[in-house]
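protein.cif (mmCIF, C-alpha atoms) appears below.
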```cif
data_input
loop_
_atom_site.label_atom_id
_atom_site.label_comp_id
_atom_site.auth_asym_id
_atom_site.auth_seq_id
_atom_site.Cartn_x
_atom_site.Cartn_y
_atom_site.Cartn_z
CA MET A 273 -74.51 72.42 -107.65
CA SER A 274 -71.30 74.40 -107.82
CA LEU A 275 -71.42 78.19 -107.57
CA ASN A 276 -69.02 80.47 -109.41
CA ASN A 277 -68.78 82.98 -106.52
CA GLY A 278 -66.57 80.72 -104.40
CA PHE A 279 -69.27 79.70 -101.92
CA SER A 280 -69.62 76.10 -100.75
CA ASP A 281 -71.19 73.59 -103.10
CA ILE A 282 -74.91 72.92 -102.67
CA ARG A 283 -76.60 69.55 -102.50
CA LEU A 284 -79.76 69.77 -104.60
CA ARG A 285 -82.70 67.35 -104.72
CA ASP A 286 -85.56 67.75 -107.23
CA TYR A 287 -88.27 65.05 -107.04
CA ASN A 288 -91.48 64.73 -109.06
CA GLY A 289 -94.06 61.99 -108.71
CA VAL A 290 -97.62 61.08 -109.68
CA LYS A 291 -99.82 58.64 -107.76
CA GLY A 292 -103.38 57.80 -108.68
CA PHE A 293 -105.76 55.72 -110.76
CA THR A 294 -107.95 56.39 -113.81
CA PRO A 295 -110.91 54.05 -114.32
CA SER A 296 -112.77 54.48 -117.61
CA PHE A 297 -115.95 53.31 -119.33
CA SER A 298 -116.86 53.20 -123.03
CA ALA A 299 -119.94 52.18 -125.02
CA TYR A 300 -120.45 52.13 -128.78
CA LEU A 301 -123.62 51.71 -130.84
CA GLU A 302 -123.79 51.35 -134.62
CA GLN A 303 -127.18 50.86 -136.30
CA HIS A 304 -127.61 50.26 -140.04
CA PHE A 305 -130.87 51.17 -141.80
CA SER A 306 -132.20 50.73 -145.32
CA HIS A 307 -131.03 52.92 -148.21
CA ASN A 308 -127.40 52.93 -146.95
CA GLN A 309 -128.06 54.90 -143.78
CA VAL A 310 -126.05 54.51 -140.57
CA ILE A 311 -126.30 56.02 -137.10
CA ALA A 312 -123.20 55.65 -134.89
CA VAL A 313 -122.94 56.77 -131.27
CA ASP A 314 -119.84 56.59 -129.06
CA PHE A 315 -119.73 57.38 -125.34
CA ASN A 316 -116.66 57.54 -123.10
CA ALA A 317 -116.17 58.49 -119.47
CA SER A 318 -113.07 58.58 -117.30
CA LEU A 319 -112.25 59.57 -113.74
CA TYR A 320 -108.97 60.53 -112.12
CA ASN A 321 -108.32 60.42 -108.41
CA GLY A 322 -104.70 60.98 -107.54
CA ARG A 323 -101.95 63.23 -106.34
CA THR A 324 -99.05 64.98 -108.05
CA LEU A 325 -95.99 65.73 -105.93
CA HIS A 326 -92.93 67.96 -106.14
CA ASP A 327 -90.19 68.25 -103.51
CA TYR A 328 -87.21 70.55 -103.95
CA THR A 329 -84.41 71.13 -101.42
CA GLU A 330 -81.08 72.94 -101.42
CA LYS A 331 -78.58 72.29 -98.61
CA VAL A 332 -75.11 73.64 -97.96
CA LYS A 333 -72.73 70.75 -98.56
CA ASP A 334 -70.59 71.31 -95.47
CA SER A 335 -73.14 72.41 -92.83
CA GLY A 336 -76.18 70.54 -94.09
CA GLY A 337 -78.50 73.49 -93.34
CA ASP A 338 -81.49 74.08 -95.63
CA ILE A 339 -81.28 77.04 -98.01
CA THR A 340 -84.52 76.22 -99.81
CA ASN A 341 -87.21 73.68 -98.98
CA VAL A 342 -90.23 73.51 -101.31
CA SER A 343 -92.96 70.90 -101.09
CA THR A 344 -95.98 70.75 -103.41
CA SER A 345 -98.83 68.27 -103.16
CA ILE A 346 -101.94 68.65 -105.34
CA ARG A 347 -104.78 66.18 -105.03
CA ASP A 348 -107.12 65.87 -108.03
CA CYS A 349 -110.64 64.51 -108.21
CA ASN A 350 -111.46 65.02 -111.89
CA GLN A 351 -114.07 63.70 -114.31
CA ALA A 352 -114.40 63.70 -118.10
CA TYR A 353 -117.37 62.68 -120.27
CA GLY A 354 -117.63 62.61 -124.04
CA ILE A 355 -120.36 61.59 -126.48
CA GLU A 356 -120.50 61.84 -130.27
CA ALA A 357 -123.33 60.87 -132.63
CA ASN A 358 -123.06 60.71 -136.44
CA TYR A 359 -125.62 60.20 -139.17
CA ILE A 360 -124.19 58.83 -142.44
CA LYS A 361 -126.03 58.54 -145.76
CA LYS A 362 -124.35 56.98 -148.79
CA TRP A 363 -125.12 57.22 -152.49
CA SER A 364 -123.22 55.97 -155.50
CA GLY A 365 -120.05 58.06 -155.48
CA SER A 366 -121.07 60.39 -152.64
CA ARG A 367 -121.66 60.49 -148.89
CA LEU A 368 -123.24 62.87 -146.39
CA THR A 369 -122.19 62.94 -142.73
CA ALA A 370 -123.80 65.07 -140.03
CA GLY A 371 -123.19 64.90 -136.34
CA ALA A 372 -122.72 66.46 -132.96
CA SER A 373 -120.35 65.91 -130.04
CA TYR A 374 -120.24 67.05 -126.44
CA ARG A 375 -117.39 66.90 -123.95
CA ALA A 376 -117.52 67.84 -120.27
CA ASN A 377 -114.67 68.17 -117.77
CA ARG A 378 -115.24 68.66 -114.05
CA ASN A 379 -112.01 69.32 -112.17
CA LYS A 380 -111.33 69.78 -108.46
CA SER A 381 -107.77 70.40 -107.28
CA THR A 382 -106.87 70.59 -103.58
CA HIS A 383 -103.50 72.17 -102.77
CA GLU A 384 -102.69 70.24 -99.62
CA ASN A 385 -99.58 72.24 -98.78
CA PHE A 386 -101.19 75.61 -99.49
CA SER A 387 -103.67 75.83 -96.59
CA GLY A 388 -105.82 73.21 -98.34
CA GLU A 389 -106.92 75.75 -100.97
CA VAL A 390 -109.36 74.28 -103.50
CA PHE A 391 -109.59 75.19 -107.19
CA HIS A 392 -112.56 74.15 -109.35
CA GLN A 393 -112.59 74.30 -113.13
CA ARG A 394 -115.57 73.39 -115.31
CA GLN A 395 -115.24 72.94 -119.09
CA ASP A 396 -117.99 72.28 -121.66
CA ARG A 397 -117.42 71.85 -125.38
CA PHE A 398 -120.18 71.35 -127.94
CA TYR A 399 -119.45 70.73 -131.63
CA LEU A 400 -121.98 70.55 -134.49
CA PHE A 401 -120.83 69.70 -138.03
CA GLY A 402 -121.78 68.55 -141.52
CA GLU A 403 -119.59 67.02 -144.24
CA TYR A 404 -120.17 66.03 -147.87
CA PHE A 405 -118.00 63.67 -149.93
CA ARG A 406 -118.23 63.22 -153.71
CA ARG A 407 -116.16 61.43 -156.35
CA MET A 408 -116.28 62.88 -159.89
CA ASN A 409 -114.15 61.15 -162.51
CA ASN A 410 -110.56 61.99 -161.52
CA VAL A 411 -111.53 64.37 -158.70
CA THR A 412 -112.56 63.56 -155.13
CA VAL A 413 -113.89 66.35 -152.89
CA THR A 414 -114.66 66.33 -149.17
CA ALA A 415 -115.98 69.60 -147.74
CA GLY A 416 -117.36 70.31 -144.29
CA ILE A 417 -118.26 73.05 -141.88
CA GLY A 418 -118.58 72.93 -138.14
CA ALA A 419 -119.23 75.25 -135.23
CA GLN A 420 -117.74 74.77 -131.76
CA TYR A 421 -118.95 76.32 -128.53
CA THR A 422 -116.50 76.33 -125.61
CA SER A 423 -117.22 77.38 -122.05
CA PHE A 424 -115.10 77.18 -118.92
CA ARG A 425 -115.95 78.45 -115.45
CA PHE A 426 -114.12 78.86 -112.11
CA MET A 427 -116.21 78.38 -108.97
CA GLU A 428 -113.88 80.29 -106.63
CA THR A 429 -113.99 83.55 -108.60
CA ASP A 430 -117.28 83.10 -110.48
CA ASP A 431 -115.35 84.05 -113.61
CA GLY A 432 -115.22 82.30 -116.96
CA ARG A 433 -115.24 82.65 -120.68
CA ASP A 434 -117.52 81.56 -123.53
CA SER A 435 -116.61 81.46 -127.20
CA TRP A 436 -117.84 80.29 -130.60
CA GLY A 437 -115.57 79.20 -133.43
CA LEU A 438 -116.15 78.07 -137.02
CA ARG A 439 -114.24 75.01 -138.25
CA PRO A 440 -114.23 74.66 -142.05
CA GLN A 441 -112.57 71.56 -143.56
CA LEU A 442 -111.64 70.80 -147.17
CA SER A 443 -109.92 67.88 -148.88
CA LEU A 444 -109.42 67.82 -152.65
CA THR A 445 -107.77 64.94 -154.53
CA TYR A 446 -106.95 64.90 -158.25
CA SER A 447 -105.77 61.61 -159.75
CA ARG A 448 -104.06 62.42 -163.00
CA THR A 449 -103.38 58.74 -163.67
CA GLN A 450 -103.36 55.60 -161.56
CA ARG A 451 -99.70 56.33 -160.81
CA SER A 452 -99.91 59.97 -159.70
CA GLN A 453 -102.14 61.94 -157.39
CA PHE A 454 -102.33 65.53 -156.15
CA LYS A 455 -103.96 66.24 -152.79
CA LEU A 456 -104.93 69.49 -151.06
CA ASN A 457 -106.08 69.42 -147.44
CA PHE A 458 -107.21 72.29 -145.20
CA ALA A 459 -108.12 71.67 -141.55
CA THR A 460 -108.99 73.84 -138.54
CA TRP A 461 -109.47 73.10 -134.84
CA GLN A 462 -109.79 74.82 -131.45
CA SER A 463 -107.84 74.19 -128.22
CA ALA A 464 -109.24 75.07 -124.79
CA PRO A 465 -106.88 75.99 -121.92
CA SER A 466 -106.00 73.12 -119.60
CA LEU A 467 -106.43 72.80 -115.85
CA ALA A 468 -102.77 73.60 -115.11
CA GLU A 469 -102.79 76.65 -117.42
CA THR A 470 -105.75 78.28 -115.66
CA ASN A 471 -105.09 77.33 -112.01
CA ILE A 472 -104.64 80.61 -110.12
CA VAL A 473 -103.14 79.02 -106.98
CA PRO A 474 -99.43 80.04 -106.85
CA GLN A 475 -97.05 77.09 -107.11
CA GLN A 476 -93.43 77.43 -105.96
CA ILE A 477 -90.79 75.60 -108.00
CA ASP A 478 -87.54 76.47 -106.19
CA GLY A 479 -86.01 79.36 -104.27
CA PHE A 480 -87.07 82.03 -106.77
CA GLN A 481 -89.21 80.40 -109.50
CA TRP A 482 -93.00 80.26 -109.33
CA ARG A 483 -95.88 79.25 -111.61
CA ILE A 484 -99.31 80.91 -111.66
CA GLY A 485 -102.10 80.07 -114.11
CA ASN A 486 -104.14 82.60 -116.06
CA PRO A 487 -107.95 82.31 -115.77
CA ASP A 488 -108.44 84.90 -118.55
CA LEU A 489 -107.15 82.59 -121.29
CA LYS A 490 -109.43 82.09 -124.27
CA THR A 491 -109.83 79.15 -126.63
CA SER A 492 -107.24 79.28 -129.42
CA SER A 493 -107.66 78.39 -133.09
CA SER A 494 -105.28 76.53 -135.40
CA TYR A 495 -105.16 76.23 -139.21
CA ARG A 496 -103.20 73.79 -141.35
CA LEU A 497 -102.86 73.61 -145.15
CA THR A 498 -101.13 70.65 -146.83
CA LEU A 499 -100.36 70.19 -150.53
CA SER A 500 -98.85 66.86 -151.52
CA TYR A 501 -98.07 64.78 -154.61
CA ASN A 502 -98.15 60.97 -154.43
CA TYR A 503 -96.44 58.90 -157.10
CA ASN A 504 -96.21 55.21 -157.93
CA ILE A 505 -93.91 54.19 -160.75
CA PRO A 506 -92.05 50.90 -161.26
CA ARG A 507 -89.71 50.34 -158.28
CA LEU A 508 -90.38 53.84 -156.89
CA THR A 509 -93.28 55.05 -154.74
CA GLY A 510 -93.69 57.87 -152.29
CA SER A 511 -94.88 61.42 -151.74
CA MET A 512 -93.61 64.99 -151.57
CA GLY A 513 -95.22 68.22 -150.51
CA VAL A 514 -95.44 71.30 -148.35
CA MET A 515 -97.35 71.97 -145.13
CA ALA A 516 -98.14 75.38 -143.62
CA PHE A 517 -99.48 75.90 -140.10
CA THR A 518 -100.58 78.90 -138.06
CA SER A 519 -102.08 79.38 -134.62
CA PRO A 520 -102.47 83.16 -134.27
CA ASP A 521 -103.52 83.08 -130.60
CA ALA A 522 -101.78 79.93 -129.38
CA ILE A 523 -101.85 79.29 -125.63
CA ALA A 524 -98.23 79.31 -124.51
CA PRO A 525 -96.15 79.94 -121.35
CA TYR A 526 -94.19 83.13 -120.79
CA ILE A 527 -91.73 84.19 -118.08
CA GLU A 528 -91.47 87.55 -116.28
CA TRP A 529 -90.04 88.99 -113.08
CA ARG A 530 -92.56 90.00 -110.41
CA GLY A 531 -90.51 91.57 -107.64
CA ASP A 532 -87.95 88.94 -106.62
CA LYS A 533 -89.93 86.08 -108.16
CA LEU A 534 -89.39 84.65 -111.65
CA VAL A 535 -92.96 83.71 -112.58
CA THR A 536 -94.11 81.38 -115.36
CA SER A 537 -97.64 82.11 -116.51
CA TYR A 538 -99.69 81.55 -119.66
CA GLU A 539 -101.12 83.78 -122.35
CA ASN A 540 -102.79 83.83 -125.74
CA SER A 541 -99.54 84.61 -127.52
CA ALA A 542 -98.96 86.51 -130.74
CA GLY A 543 -98.89 83.12 -132.43
CA LEU A 544 -96.90 80.31 -133.97
CA GLN A 545 -96.35 79.97 -137.73
CA ASN A 546 -94.36 77.30 -139.51
CA ILE A 547 -93.82 75.82 -142.94
CA ALA A 548 -92.37 72.41 -143.76
CA PHE A 549 -91.20 70.76 -147.00
CA PHE A 550 -91.00 66.96 -147.13
CA ILE A 551 -90.22 64.07 -149.45
CA SER A 552 -90.80 60.37 -148.65
CA PRO A 553 -89.58 57.90 -151.33
CA GLN A 554 -89.37 54.10 -151.28
CA ILE A 555 -87.13 52.32 -153.76
CA ASP A 556 -87.46 48.58 -154.51
CA VAL A 557 -83.83 47.93 -155.37
CA ILE A 558 -84.46 44.19 -155.85
CA PRO A 559 -88.24 43.50 -155.92
CA ASP A 560 -89.40 41.36 -152.97
CA TRP A 561 -85.80 41.18 -151.71
CA PHE A 562 -84.28 44.57 -150.99
CA PHE A 563 -85.90 47.97 -150.49
CA VAL A 564 -84.89 51.37 -149.10
CA ASN A 565 -87.29 54.03 -147.85
CA GLY A 566 -87.00 57.26 -145.95
CA THR A 567 -88.28 60.73 -145.20
CA LEU A 568 -86.51 64.07 -145.39
CA GLN A 569 -88.10 67.24 -144.02
CA TYR A 570 -87.08 70.88 -143.65
CA ARG A 571 -89.02 73.00 -141.17
CA ALA A 572 -88.93 76.75 -140.49
CA GLU A 573 -91.04 78.41 -137.80
CA ARG A 574 -91.52 81.56 -135.75
CA MET A 575 -93.20 82.16 -132.41
CA ARG A 576 -93.94 85.45 -130.68
CA GLY A 577 -95.20 86.28 -127.21
CA THR A 578 -94.75 88.70 -124.32
CA GLY A 579 -91.15 89.91 -124.47
CA TYR A 580 -89.88 87.39 -127.03
CA LYS A 581 -89.66 86.45 -130.69
CA HIS A 582 -87.94 83.18 -131.60
CA TYR A 583 -87.12 81.38 -134.86
CA ASN A 584 -86.34 77.74 -135.53
CA HIS A 585 -84.94 76.02 -138.63
CA CYS A 586 -84.20 72.31 -138.72
CA TRP A 587 -83.73 69.23 -140.87
CA SER A 588 -85.17 65.88 -139.81
CA GLY A 589 -85.86 62.49 -141.31
CA ASP A 590 -85.20 58.78 -141.31
CA VAL A 591 -83.89 56.08 -143.63
CA THR A 592 -84.53 52.33 -143.50
CA ALA A 593 -82.97 49.57 -145.61
CA MET A 594 -84.22 45.97 -145.44
CA LEU A 595 -82.97 42.81 -147.11
CA ARG A 596 -85.39 39.83 -146.95
CA HIS A 597 -84.92 36.25 -148.19
CA TRP A 598 -85.40 32.66 -146.95
CA ASN A 599 -87.29 33.90 -143.82
CA PHE A 600 -84.36 36.12 -142.87
CA ALA A 601 -84.61 39.92 -142.64
CA LEU A 602 -81.69 42.29 -142.19
CA LEU A 603 -82.71 45.79 -141.04
CA VAL A 604 -80.61 48.96 -140.94
CA GLN A 605 -82.29 52.15 -139.69
CA TYR A 606 -81.34 55.72 -138.79
CA ARG A 607 -83.77 58.30 -137.43
CA LYS A 608 -83.52 61.94 -136.39
CA ASP A 609 -86.75 63.58 -135.18
CA GLN A 610 -87.57 67.21 -135.79
CA VAL A 611 -86.91 70.11 -133.42
CA SER A 612 -90.14 71.90 -132.48
CA LEU A 613 -90.55 75.44 -131.14
CA TRP A 614 -93.27 76.20 -128.60
CA GLY A 615 -93.28 79.29 -126.42
CA GLU A 616 -89.68 79.79 -125.37
CA SER A 617 -88.68 76.13 -125.57
CA LEU A 618 -87.14 73.93 -128.24
CA THR A 619 -87.98 70.23 -128.01
CA TRP A 620 -86.46 67.48 -130.12
CA GLY A 621 -87.44 63.84 -130.40
CA GLU A 622 -85.28 60.78 -130.67
CA THR A 623 -82.05 60.36 -132.60
CA PHE A 624 -80.97 56.73 -132.90
CA SER A 625 -79.85 53.93 -135.22
CA VAL A 626 -80.58 50.18 -135.33
CA LEU A 627 -78.88 47.17 -136.92
CA GLN A 628 -80.95 43.98 -136.60
CA LEU A 629 -81.16 40.47 -138.10
CA ASN A 630 -84.44 38.50 -137.73
CA TYR A 631 -85.50 34.97 -138.59
CA ASN A 632 -89.22 34.10 -138.81
CA TYR A 633 -90.63 30.58 -138.99
CA LYS A 634 -94.38 30.02 -138.62
CA GLN A 635 -95.33 31.42 -135.17
CA CYS A 636 -91.75 31.86 -133.96
CA ALA A 637 -89.48 34.89 -134.41
CA ILE A 638 -85.86 35.24 -133.31
CA GLY A 639 -83.85 38.42 -133.64
CA ALA A 640 -80.53 39.89 -132.60
CA GLY A 641 -79.11 43.31 -133.17
CA VAL A 642 -77.37 46.42 -131.95
CA PHE A 643 -79.06 49.62 -130.77
CA CYS A 644 -77.22 52.81 -131.76
CA PRO A 645 -74.27 51.20 -133.57
CA PHE A 646 -73.62 54.37 -135.61
CA THR A 647 -74.82 57.22 -133.33
CA LYS A 648 -75.55 57.99 -129.70
CA TYR A 649 -79.17 58.09 -128.51
CA ASP A 650 -80.42 61.62 -127.84
CA LYS A 651 -83.67 63.45 -127.07
CA GLY A 652 -84.38 66.52 -124.99
CA SER A 653 -85.45 70.12 -124.69
CA ARG A 654 -83.90 73.55 -124.27
CA SER A 655 -85.28 76.70 -122.65
CA ILE A 656 -84.29 79.80 -124.63
CA SER A 657 -85.84 82.51 -122.46
CA ARG A 658 -83.65 85.50 -121.75
CA TYR A 659 -84.41 84.95 -118.04
CA ASN A 660 -83.87 81.21 -117.85
CA ILE A 661 -81.57 79.28 -120.19
CA ASN A 662 -81.18 75.56 -119.52
CA GLU A 663 -81.07 72.24 -121.33
CA SER A 664 -82.35 68.76 -120.51
CA ARG A 665 -81.21 65.65 -122.40
CA THR A 666 -81.85 61.92 -122.29
CA ARG A 667 -78.85 59.91 -123.44
CA THR A 668 -77.29 56.49 -122.95
CA ASP A 669 -73.64 55.82 -122.21
CA ILE A 670 -73.89 52.19 -123.38
CA CYS A 671 -73.49 52.53 -127.13
CA PRO A 672 -73.58 50.33 -129.04
CA MET A 673 -76.13 48.30 -127.03
CA PRO A 674 -76.66 44.65 -128.13
CA PHE A 675 -80.06 42.98 -127.74
CA ILE A 676 -81.85 39.68 -128.43
CA GLU A 677 -85.55 39.17 -129.17
CA ILE A 678 -87.42 35.86 -129.02
CA SER A 679 -91.19 35.60 -129.51
CA TYR A 680 -93.75 32.88 -130.06
CA ASN A 681 -97.42 33.50 -130.79
CA ILE A 682 -99.96 31.12 -129.22
CA GLN A 683 -103.73 31.39 -129.83
CA TRP A 684 -106.53 29.06 -128.86
CA GLY A 685 -110.26 29.19 -128.39
CA ARG A 686 -112.55 31.93 -129.65
CA GLN A 687 -110.81 35.21 -130.39
CA LYS A 688 -112.25 38.55 -129.34
CA ARG A 689 -113.43 40.58 -132.28
CA GLY A 690 -112.48 44.23 -132.07
CA ALA A 691 -114.97 46.94 -133.01
CA SER A 692 -114.03 49.15 -135.95
CA LYS A 693 -115.59 52.40 -134.80
CA LEU A 694 -116.92 55.00 -137.20
CA VAL A 695 -116.78 57.70 -134.49
CA ASN A 696 -114.61 58.24 -131.42
CA ALA A 697 -115.75 60.44 -128.54
CA ASP A 698 -112.96 62.21 -126.66
CA ALA A 699 -113.09 61.93 -122.87
CA GLU A 700 -109.52 62.55 -121.78
CA VAL A 701 -109.41 63.45 -118.12
CA ASP A 702 -107.40 66.53 -117.11
CA ARG A 703 -104.69 66.51 -114.44
CA SER A 704 -102.78 69.03 -112.39
CA THR A 705 -99.00 69.16 -112.72
CA ALA A 706 -96.51 69.91 -109.97
CA LYS A 707 -93.82 71.54 -112.05
CA GLY A 708 -90.21 70.68 -111.28
CA ARG A 709 -87.12 72.70 -111.91
#
```

Is it possible to give me this structure as structure tokens?
Amino acid sequence: MSLNNGFSDIRLRDYNGVKGFTPSFSAYLEQHFSHNQVIAVDFNASLYNGRTLHDYTEKVKDSGGDITNVSTSIRDCNQAYGIEANYIKKWSGSRLTAGASYRANRNKSTHENFSGEVFHQRQDRFYLFGEYFRRMNNVTVTAGIGAQYTSFRFMETDDGRDSWGLRPQLSLTYSRTQRSQFKLNFATWQSAPSLAETNIVPQQIDGFQWRIGNPDLKTSSSYRLTLSYNYNIPRLTGSMGVMAFTSPDAIAPYIEWRGDKLVTSYENSAGLQNIAFFISPQIDVIPDWFFVNGTLQYRAERMRGTGYKHYNHCWSGDVTAMLRHWNFALLVQYRKDQVSLWGESLTWGETFSVLQLNYNYKQCAIGAGVFCPFTKYDKGSRSISRYNINESRTRTDICPMPFIEISYNIQWGRQKRGASKLVNADAEVDRSTAKGR
């Protein structure tokens, strides 16, 4: 690290690591009864026992003396359990679904480098819902209502928060003809604060940056409305539409100075709102031989929180062309993922291109191609806080990058039959994070 004040250069080391294991267990039961009735139950459990590490040092290049030496080690012993049960009753052209789900998280984090301080977090989420589906001539309607109870508690402070939230859902489809279809979808959901966002134990990042969780966070709500039109005409299929999203109390990080420390904490912000317009056509240029498909999207969004208001506008999309004949397939692809705004950070997905030729014969496939023949690979994020502006990118200097693929599929004996579940219980175990610079 070179300084602009003429001082000696600094040797900087920033290391992050995660060590641990996560065993899991799942069980699924599906029972069919007379009169088109089904009961489906799914249970999942997972454990996490591991450690997250962060070491940060700054040394003067010439003398080798330490300027900053930060070491973070957090050991987790966390559990997650989830169960969901649905009752489904079908009639001719209609269906009723009712169910309930429960998820429990039990988290214990020991800060080994912070006098062995222990932080316990307990989360419970209960969801009860009902949904009715009906098909009427050219119209299909699915409407539902649910209620979610969320509770999280902290053993060290005996504090916590309880909340109830309604979750209405609506899906309406109108098929004008067999070749065109309008669809309206409205969905809501709630998000509880994570272990890292509520952990009150101070965590040092470098010489002046710190992170401290906020135990007063409340469960946030999100709403999404999508209107789309699907079409299917000779040699042309696809969809177009608009999607609007709002999360008026989204849980997001914010940065502020506390004395001589730049502290990252979390809050129920003033919210994120965005709107996106998209079109996704596929053209059969030569039927069964040559087709081109792609997606083009424009997205505009705004996010507000403590001390900031940010806007983001971006174009994204992809295009794929494929020529197939005599077991050969020539593929040309370009993709540019969208840029997303969250808190005071912009994050963008992958930008890349591919040129590939494949040959398939029975169980054998051989392919050769070039990765990024037209563009350089890129993905990353950018902090846009007025206190901390930085950028992180993942790129490759080897462009274009040639590759070869050879595969052969061998099967023998009895094959395992996978279960097609009607319900899926969520039991994702939570983890601490040792934040790096």

Using all atoms listed in the file, what does the table of segment 479-528 of chain A residues within 8 Å of segment 426-450 of chain A look like, with each row giving the shortest atom pair and its distance in Å to one decimal, sorted by chain and ascending number, as CSV?
```
residue,atom,partner,partner_atom,distance
A:Pro487,CA,A:Gly432,CA,7.4
A:Asp488,CA,A:Gly432,CA,7.4
A:Lys490,CA,A:Arg433,CA,6.9
A:Thr491,CA,A:Ser435,CA,7.2
A:Ser493,CA,A:Gly437,CA,8.0
```

Write to file, as a JSON list (two decimals), in the coordinates of the input, the residues of the selection just made, with C-alpha atoms.
```
[["chain", "number", "residue", "atom", "x", "y", "z"],
["A", 487, "PRO", "CA", -107.95, 82.31, -115.77],
["A", 488, "ASP", "CA", -108.44, 84.90, -118.55],
["A", 490, "LYS", "CA", -109.43, 82.09, -124.27],
["A", 491, "THR", "CA", -109.83, 79.15, -126.63],
["A", 493, "SER", "CA", -107.66, 78.39, -133.09]]
```

Margin query: Starting from the PyMOL selection byres ((chain A and resi 297) around 8), expand the selection into actual residues of this file and give them as a PyMOL selection string.
Written below: chain A and resi 295-296+298-299+316-318

Same residues, C-alpha atoms, output as a PDB file, keeping the file's coordinate frame:
```pdb
ATOM      1  CA  PRO A 295    -110.910  54.050-114.320  1.00  0.00           C
ATOM      2  CA  SER A 296    -112.770  54.480-117.610  1.00  0.00           C
ATOM      3  CA  SER A 298    -116.860  53.200-123.030  1.00  0.00           C
ATOM      4  CA  ALA A 299    -119.940  52.180-125.020  1.00  0.00           C
ATOM      5  CA  ASN A 316    -116.660  57.540-123.100  1.00  0.00           C
ATOM      6  CA  ALA A 317    -116.170  58.490-119.470  1.00  0.00           C
ATOM      7  CA  SER A 318    -113.070  58.580-117.300  1.00  0.00           C
TER       8      SER A 318
END
```

Margin query: I'd like the interatomic distance between atom CA of Ala699 of chain A and atom CA of Leu301 of chain A, to a tenth of an Å.
Written below: 16.7 Å

Item checked: From A:Asn584, A:Leu534, A:Met594, A:Tyr374, residue lying nearest Ile555 of chain A [only C-alpha atoms] ->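 Ranked by minimum distance to Ile555 of chain A, first place goes to A:Met594.
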
Next item on the list: Quick one: pull the distance between atom CA of Asp669 of chain A and atom CA of Gly652 of chain A, Å, one decimal.
Entry: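 Straight-line distance from atom CA of Asp669 of chain A to atom CA of Gly652 of chain A works out to 15.4 Å.
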
Note to self: To one decimal place in Å, what is the distance between atom CA of Asn308 of chain A and atom CA of Asn410 of chain A?
What the structure shows: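 It comes out at 24.0 Å.
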
Target residues per the PyMOL selection byres ((chain A and resi 463) around 7), formatted as a PDB file with C-alpha atoms, keeping the file's coordinate frame:
```pdb
ATOM      1  CA  TRP A 461    -109.470  73.100-134.840  1.00  0.00           C
ATOM      2  CA  GLN A 462    -109.790  74.820-131.450  1.00  0.00           C
ATOM      3  CA  ALA A 464    -109.240  75.070-124.790  1.00  0.00           C
ATOM      4  CA  PRO A 465    -106.880  75.990-121.920  1.00  0.00           C
ATOM      5  CA  THR A 491    -109.830  79.150-126.630  1.00  0.00           C
ATOM      6  CA  SER A 492    -107.240  79.280-129.420  1.00  0.00           C
ATOM      7  CA  SER A 493    -107.660  78.390-133.090  1.00  0.00           C
TER       8      SER A 493
END
```

Margin query: Once the PyMOL selection byres ((chain A and resi 359) around 8) has been evaluated on this model, what residues remain selected, and can you format them as an MDAnalysis selection string?
Written below: chainID A and resid 309:312 357:358 360:361 369:371

Next item on the list: Would you mind listing what lies within 10 Å of Gln351 of chain A as a list in words, with all atoms listed in the file counted and same-chain residues fewer than 6 positions away left out?
Entry: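 The contact residues come out as Thr294, Ser296, Ala317, Ser318, Leu319, Tyr320, Asn321, Ala376, Asn377, Arg378, Asn379, Lys380, Arg394, Ala699, Glu700, Val701, Asp702 and Arg703 of chain A.
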
Notebook entry, point to check: So which residues touch Ile355 of chain A within 6 Å, counting all atoms listed in the file, skipping near sequence neighbours fewer than 4 positions away, as a list of chain:residue names?
Noted result: A:Asp314, A:Phe315, A:Ser373, A:Tyr374, A:Ala697

Check: Excluding same-chain residues fewer than 4 positions from Ser617 of chain A, what lies within 9 Å of it counting all atoms listed in the file, as a list of chain:residue names?
Finding: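 Result of the neighbour search: A:Ser612, A:Leu613, A:Ser653, A:Arg654, A:Ser655, A:Ile656, A:Ser657.
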
Check: Which polymer residues have any atom within 9 Å of an atom of Gly566 of chain A, counting only C-alpha atoms, with same-chain residues fewer than 5 positions away left out, as a list in words?
Finding: Ile551, Ser552, Pro553, Gln554, Gly589, Asp590, Val591, Thr592 and Ala593 of chain A
